[in-house]
Amino acid sequence: MLNCARQPHAPSYYVATAVPWEPGEALQGTVECDVCVVGGGLAGVTTALNLAEQGLQVVLLEASRIGFGASGRNGGQVIAGFACDMDTLRGQLGDAGARQMWRMSLEAVEIIEQRVQQHDIECDWTRGYCTAAVKPSHFQDLVSWQREAQDFYGYEHYQLWDREQLAALLASDRYQGGLFDPLAGHIHPLNYLLGLAQAARHAGVSIYEQTPVVSYEEGAAPLVKTDAGSVRCRQLVLACNAYVGALSGKLENRIMPVGTYVIATEPLGEARARELIANNMAVCDTNFVLDYYRLSGDHRMLFGGKVSYSGREPADLAAVMRKDMLRVFPQLADVDVEYAWGGFCDITMNRAPDFGRLAANVYYAQGFSGHGVAVTGLAGKVIAEAIAGDDSRLALFERLRHRAFPGGKLLRTPALVLGMGWYRLQDYL
């Protein structure tokens with residue numbers, strides 16, 4: 001079980017460039033509210049903000065610091081769709097359900113635009129995202145998806161670029177071509193989250209940090225217990241993701257914490273940075289163990305990748321990540337790496353998001369599987385709608401079937417490590 005109780009932020013570029021934030025005090029004693037939200041990441045904070053905007057009294061409890069987990073450490077890529085392919089959703093939900101899910105994923109991107117504008121959040125929000133094909137077969141997959149996105153889902157914004165078109169904007173000879181989405185993009189995720197948290201605080205949300213939840217009792221008025229206090233509420237939302245642990249064994253068994261890692265170079269200067277990515281788009285490749293990267297607001301290369309199911313960070317993280325970066329951009333051989341960090345996101349077996357209810361008044365959102373920067377905002381909106389009385393969109397997510405990872409706590413990690421080795425081999429073939 002991962003433990004974040006009262007831990008400080010991991011050193012990272014995001015923490016070093018974070019906007020000012022006055023930390024919330026730890027909860028002492030007993031408080032009452034309409035809704036208690038557990039988890040101070042993007043899912044929890046966006047849920048709390050949406051609920052407060054409905055006029056509800058909301059308490060948010062965070063075991064460590066706002067943005068301690070994946071929400072404050074990720075690659076900052078804002079992507080339409082979900083981590084699973086749309087065929088997975090279509091197979092379970094049918095044509096109409098899949099189309100509605102796709103529209104909601106587009107809404108998730110626009111929620112970021114709306115929140116940034118509404119709350120004047122300084123987070124380097126930038127449009128433009130490209131999926132870059134490593135192999136010719138991957139490029140054909142992108143061709144097929146563009147056609148399906150247009151013909152079945154009605155999405156006409158994708159631009160398919162061949163090798164030469166991509167190379168004119170991305171200074172790497174690694175790719176066969178790419179699929180560009182001008183509406184998706186990238187963001188400083190911690191600053192975006194802190195901006196949302198400030199907006200939630202202004203809307204009346206009581207935010208308590210350094211307040212790990214030890215248990216909760218279901219009932220007409222759930223009781224949430226911390227080590228120094230408690231919260232009595234009418235509705236409860238669990239937004240703990242990879243850190244849910246023993247708080248809910250049912251939820252913990254349906255997700256797996258996966259480590260992923262990022263480096264930030266020294267500042268390159270605007271001219272050199274734009275020589276690498278001329279249009280300042282975010283990029284992700286098509287391998288199973290993928291690379292993802294973008295430029296920061298101060299013109300660094302932020303390069304992410306690797307995956308660890310073992311819970312152990314790679315030895316000499318900066319060096320191994322730098323080697324991956326130079327495979328894509330050998331022209332950065334003279335550039336120093338100033339920050340290297342990692343963290344855990346939570347994945348589901350089928351990579352589909354897992355939102356729903358454990359009881360009539362106990363809601364949860366988890367399983368963002370690497371697409372959380374955008375989809376968390378959708379989760380917060382959908383859960384707030386359900387608490388307000390319209391659960392139609394949450395009910396669609398609840399139709400998705402999720403299974404526990406095989407092997408239980410002892411064997412699921414070794415099994416996934418073996419499986420990952422097979423998929424990694426396919427990347428090299």
# chains A, B, ... in the order shown; residues from 1 in each chain; ligands from 1
>>> residues_around(residues="segment 149-163 of chain A", least_positions_apart="4", cutoff="9 Å", atoms="only C-alpha atoms", output="JSON list (two decimals) with C-alpha atoms, in the first residue's frame")
[["chain", "number", "residue", "atom", "x", "y", "z"],
["A", 95, "ASP", "CA", -22.53, 2.93, -30.12],
["A", 98, "ALA", "CA", -19.30, 5.32, -26.77],
["A", 99, "ARG", "CA", -20.23, 8.50, -28.60],
["A", 102, "TRP", "CA", -16.10, 10.64, -26.51],
["A", 103, "ARG", "CA", -18.06, 13.88, -26.23],
["A", 139, "PHE", "CA", 1.14, 5.13, -38.37],
["A", 142, "LEU", "CA", -3.34, 6.50, -36.59],
["A", 143, "VAL", "CA", -4.74, 6.67, -40.12],
["A", 144, "SER", "CA", -7.51, 4.27, -39.09],
["A", 145, "TRP", "CA", -8.28, 6.17, -35.91],
["A", 167, "ALA", "CA", 9.72, 16.56, -39.11],
["A", 168, "ALA", "CA", 9.04, 20.17, -40.13],
["A", 173, "ASP", "CA", 14.00, 11.48, -37.05],
["A", 175, "TYR", "CA", 8.94, 8.89, -36.15],
["A", 176, "GLN", "CA", 6.98, 7.74, -39.18],
["A", 177, "GLY", "CA", 4.40, 10.51, -38.87],
["A", 178, "GLY", "CA", 1.86, 11.75, -36.39],
["A", 179, "LEU", "CA", -1.73, 12.66, -35.59],
["A", 180, "PHE", "CA", -2.13, 16.23, -34.36],
["A", 181, "ASP", "CA", -5.01, 17.47, -32.22],
["A", 182, "PRO", "CA", -5.15, 21.28, -32.09],
["A", 183, "LEU", "CA", -7.65, 21.31, -29.22]]
>>> residues_around(residues="Gly219 of chain A", least_positions_apart="6", cutoff="12 Å", atoms="only C-alpha atoms", output="MDAnalysis selection string")
chainID A and resid 232:236 358:362
>>> write_last_selection(atoms="C-alpha atoms", output="PDB file, in the first residue's frame")
ATOM      1  CA  ARG A 232     -19.833  14.055   9.841  1.00  0.00           C
ATOM      2  CA  CYS A 233     -21.373  14.527   6.393  1.00  0.00           C
ATOM      3  CA  ARG A 234     -24.399  13.708   4.276  1.00  0.00           C
ATOM      4  CA  GLN A 235     -22.374  12.667   1.226  1.00  0.00           C
ATOM      5  CA  LEU A 236     -18.840  11.299   0.940  1.00  0.00           C
ATOM      6  CA  LEU A 358     -19.952   2.272  -2.977  1.00  0.00           C
ATOM      7  CA  ALA A 359     -23.234   3.183  -1.298  1.00  0.00           C
ATOM      8  CA  ALA A 360     -26.111   5.532  -2.061  1.00  0.00           C
ATOM      9  CA  ASN A 361     -24.191   8.471  -0.580  1.00  0.00           C
ATOM     10  CA  VAL A 362     -20.565   7.294  -0.990  1.00  0.00           C
TER      11      VAL A 362
END
>>> residues_around(residues="segment 201-209 of chain A", least_positions_apart="3", cutoff="7 Å", atoms="only C-alpha atoms", output="MDAnalysis selection string")
chainID A and resid 23:27 48 52:53 57:65 197:198
>>> residues_around(residues="Asn280 of chain A", least_positions_apart="6", cutoff="12 Å", atoms="only C-alpha atoms", output="PyMOL selection string")
chain A and resi 124-130+169-171+182+185-187+270-274+293-302
>>> write_last_selection(atoms="C-alpha atoms", output="mmCIF file, in the first residue's frame")
data_model
loop_
_atom_site.group_PDB
_atom_site.id
_atom_site.type_symbol
_atom_site.label_atom_id
_atom_site.label_comp_id
_atom_site.auth_asym_id
_atom_site.auth_seq_id
_atom_site.Cartn_x
_atom_site.Cartn_y
_atom_site.Cartn_z
ATOM 1 C CA ASP A 124 1.072 27.816 -19.032
ATOM 2 C CA TRP A 125 -2.043 26.306 -20.645
ATOM 3 C CA THR A 126 -1.160 25.690 -24.305
ATOM 4 C CA ARG A 127 -3.162 24.044 -27.096
ATOM 5 C CA GLY A 128 -1.660 21.413 -29.407
ATOM 6 C CA TYR A 129 -0.885 17.707 -28.944
ATOM 7 C CA CYS A 130 0.603 15.108 -31.286
ATOM 8 C CA LEU A 169 7.700 20.805 -36.624
ATOM 9 C CA LEU A 170 9.451 18.179 -34.490
ATOM 10 C CA ALA A 171 13.244 17.927 -34.732
ATOM 11 C CA PRO A 182 -5.146 21.275 -32.093
ATOM 12 C CA GLY A 185 -2.526 20.468 -25.230
ATOM 13 C CA HIS A 186 -0.377 20.771 -22.116
ATOM 14 C CA ILE A 187 -0.231 22.560 -18.798
ATOM 15 C CA GLU A 270 13.154 30.234 -26.595
ATOM 16 C CA ALA A 271 14.971 29.988 -29.910
ATOM 17 C CA ARG A 272 16.620 26.643 -29.200
ATOM 18 C CA ALA A 273 13.469 25.244 -27.624
ATOM 19 C CA ARG A 274 11.411 26.106 -30.692
ATOM 20 C CA TYR A 293 7.453 15.310 -23.670
ATOM 21 C CA ARG A 294 6.835 19.007 -24.105
ATOM 22 C CA LEU A 295 8.406 22.396 -23.529
ATOM 23 C CA SER A 296 7.873 24.243 -20.267
ATOM 24 C CA GLY A 297 6.792 27.840 -19.984
ATOM 25 C CA ASP A 298 10.413 28.831 -19.347
ATOM 26 C CA HIS A 299 11.675 26.834 -22.357
ATOM 27 C CA ARG A 300 12.981 23.652 -20.763
ATOM 28 C CA MET A 301 12.485 20.215 -22.210
ATOM 29 C CA LEU A 302 10.239 18.173 -19.916
#
>>> closest_residue(among="A:Gly380, A:Gly305, A:Pro212, A:Gly69", to="Val328 of chain A", atoms="only C-alpha atoms")
A:Gly305
>>> closest_residue(among="A:Leu166, A:Val373, A:Leu223, A:Leu56", to="Leu276 of chain A", atoms="only C-alpha atoms")
A:Leu166
>>> residues_around(residues="segment 242-247 of chain A", least_positions_apart="3", cutoff="10 Å", atoms="only C-alpha atoms", output="ChimeraX atom specification")
/A:1-5,38-39,63,69-70,213-216,238-239,250-253,255-258,343-347,366-368
>>> write_last_selection(atoms="N, CA and C atoms", output="tab-separated table (two decimals), in the first residue's frame")
chain	number	residue	atom	x	y	z
A	1	MET	N	0.84	-1.20	0.00
A	1	MET	CA	0.00	0.00	0.00
A	1	MET	C	0.87	1.24	0.00
A	2	LEU	N	0.59	2.17	-0.85
A	2	LEU	CA	1.31	3.44	-0.86
A	2	LEU	C	0.87	4.29	0.31
A	3	ASN	N	1.81	5.04	0.84
A	3	ASN	CA	1.51	5.89	2.00
A	3	ASN	C	2.00	7.30	1.72
A	4	CYS	N	1.10	8.26	1.78
A	4	CYS	CA	1.51	9.65	1.57
A	4	CYS	C	1.29	10.49	2.81
A	5	ALA	N	0.93	9.86	3.93
A	5	ALA	CA	0.55	10.61	5.12
A	5	ALA	C	1.66	11.56	5.57
A	38	VAL	N	-12.37	13.22	0.16
A	38	VAL	CA	-11.09	12.70	0.63
A	38	VAL	C	-10.13	12.64	-0.56
A	39	GLY	N	-9.09	13.43	-0.50
A	39	GLY	CA	-8.10	13.47	-1.56
A	39	GLY	C	-7.93	14.85	-2.14
A	63	ALA	N	-4.19	13.91	2.94
A	63	ALA	CA	-3.26	13.27	3.87
A	63	ALA	C	-1.91	13.97	3.91
A	69	GLY	N	0.36	13.75	-4.96
A	69	GLY	CA	0.43	12.57	-5.81
A	69	GLY	C	0.57	12.90	-7.28
A	70	ALA	N	-0.05	12.06	-8.11
A	70	ALA	CA	0.12	12.19	-9.57
A	70	ALA	C	-0.31	13.55	-10.09
A	213	VAL	N	-6.94	10.22	6.43
A	213	VAL	CA	-8.17	9.55	6.87
A	213	VAL	C	-7.83	8.11	7.20
A	214	VAL	N	-8.26	7.65	8.37
A	214	VAL	CA	-7.94	6.29	8.80
A	214	VAL	C	-9.08	5.32	8.53
A	215	SER	N	-10.33	5.81	8.50
A	215	SER	CA	-11.47	4.95	8.23
A	215	SER	C	-12.71	5.81	8.04
A	216	TYR	N	-13.78	5.18	7.59
A	216	TYR	CA	-15.06	5.88	7.53
A	216	TYR	C	-16.17	4.88	7.80
A	238	LEU	N	-14.70	9.69	-2.29
A	238	LEU	CA	-13.34	9.17	-2.17
A	238	LEU	C	-12.61	9.43	-3.49
A	239	ALA	N	-11.61	10.27	-3.43
A	239	ALA	CA	-10.82	10.62	-4.62
A	239	ALA	C	-9.34	10.41	-4.29
A	250	LYS	N	-12.16	-2.81	-1.74
A	250	LYS	CA	-12.79	-3.03	-3.04
A	250	LYS	C	-12.17	-2.13	-4.09
A	251	LEU	N	-11.95	-0.87	-3.76
A	251	LEU	CA	-11.35	0.05	-4.72
A	251	LEU	C	-9.87	-0.26	-4.92
A	252	GLU	N	-9.17	-0.57	-3.85
A	252	GLU	CA	-7.74	-0.86	-3.96
A	252	GLU	C	-7.48	-2.05	-4.87
A	253	ASN	N	-8.32	-3.06	-4.82
A	253	ASN	CA	-8.11	-4.26	-5.61
A	253	ASN	C	-8.33	-4.03	-7.11
A	255	ILE	N	-7.36	-1.29	-8.82
A	255	ILE	CA	-6.34	-0.43	-9.41
A	255	ILE	C	-4.96	-0.95	-9.06
A	256	MET	N	-3.99	-0.53	-9.85
A	256	MET	CA	-2.59	-0.85	-9.60
A	256	MET	C	-1.78	0.43	-9.65
A	257	PRO	N	-1.00	0.75	-8.61
A	257	PRO	CA	-0.13	1.91	-8.69
A	257	PRO	C	1.02	1.65	-9.67
A	258	VAL	N	1.24	2.58	-10.56
A	258	VAL	CA	2.29	2.45	-11.57
A	258	VAL	C	3.17	3.69	-11.51
A	343	GLY	N	6.54	9.44	-9.70
A	343	GLY	CA	5.37	9.29	-8.85
A	343	GLY	C	4.48	8.20	-9.41
A	344	PHE	N	3.38	7.96	-8.71
A	344	PHE	CA	2.49	6.87	-9.06
A	344	PHE	C	1.15	7.40	-9.56
A	345	CYS	N	0.72	6.83	-10.68
A	345	CYS	CA	-0.68	6.98	-11.09
A	345	CYS	C	-1.36	5.63	-10.90
A	346	ASP	N	-2.67	5.61	-10.98
A	346	ASP	CA	-3.39	4.35	-10.81
A	346	ASP	C	-3.97	3.92	-12.14
A	347	ILE	N	-3.81	2.64	-12.46
A	347	ILE	CA	-4.39	2.10	-13.67
A	347	ILE	C	-5.43	1.04	-13.32
A	366	GLN	N	-11.60	6.99	-9.68
A	366	GLN	CA	-10.23	6.49	-9.71
A	366	GLN	C	-9.96	5.89	-11.10
A	367	GLY	N	-8.75	5.35	-11.28
A	367	GLY	CA	-8.43	4.64	-12.50
A	367	GLY	C	-8.25	5.53	-13.72
A	368	PHE	N	-7.65	6.70	-13.56
A	368	PHE	CA	-7.48	7.60	-14.69
A	368	PHE	C	-6.42	7.10	-15.67
>>> residues_around(residues="Ala384 of chain A", least_positions_apart="2", cutoff="9 Å", atoms="only C-alpha atoms", output="MDAnalysis selection string")
chainID A and resid 47:48 50:51 54 379:382 386:391
>>> select_by_dssp(residues="segment 99-335 of chain A", states="alpha helix (DSSP H)", output="ChimeraX atom specification")
/A:99-119,136-151,163-167,189-202,249-253,270-276,317-328
>>> atom_distance(atom1="atom CA of Lys135 of chain A", atom2="atom CA of Val335 of chain A")
27.9 Å
>>> closest_residue(among="A:Cys123, A:Leu326, A:Ala340, A:Ile277", to="Leu190 of chain A", atoms="only C-alpha atoms")
A:Cys123
>>> select_by_dssp(residues="segment 85-326 of chain A", states="strand (DSSP E)", output="PyMOL selection string")
chain A and resi 126-133+159-162+177-186+206-208+213-217+223-226+229-238+256-265+282-285+292-295+301-308
>>> atom_distance(atom1="atom CA of Asp324 of chain A", atom2="atom CA of Ser308 of chain A")
15.2 Å
>>> atom_distance(atom1="atom CA of Tyr261 of chain A", atom2="atom CA of Ala16 of chain A")
16.6 Å
>>> closest_residue(among="A:His138, A:Glu148, A:Asn241, A:Leu196", to="Gln118 of chain A", atoms="only C-alpha atoms")
A:Leu196
>>> closest_residue(among="A:Asn350, A:Asn74, A:Ser105, A:Thr260", to="Gly377 of chain A", atoms="only C-alpha atoms")
A:Ser105
>>> closest_residue(among="A:Glu385, A:Glu266, A:Asp354, A:Glu107", to="Ala404 of chain A", atoms="only C-alpha atoms")
A:Asp354
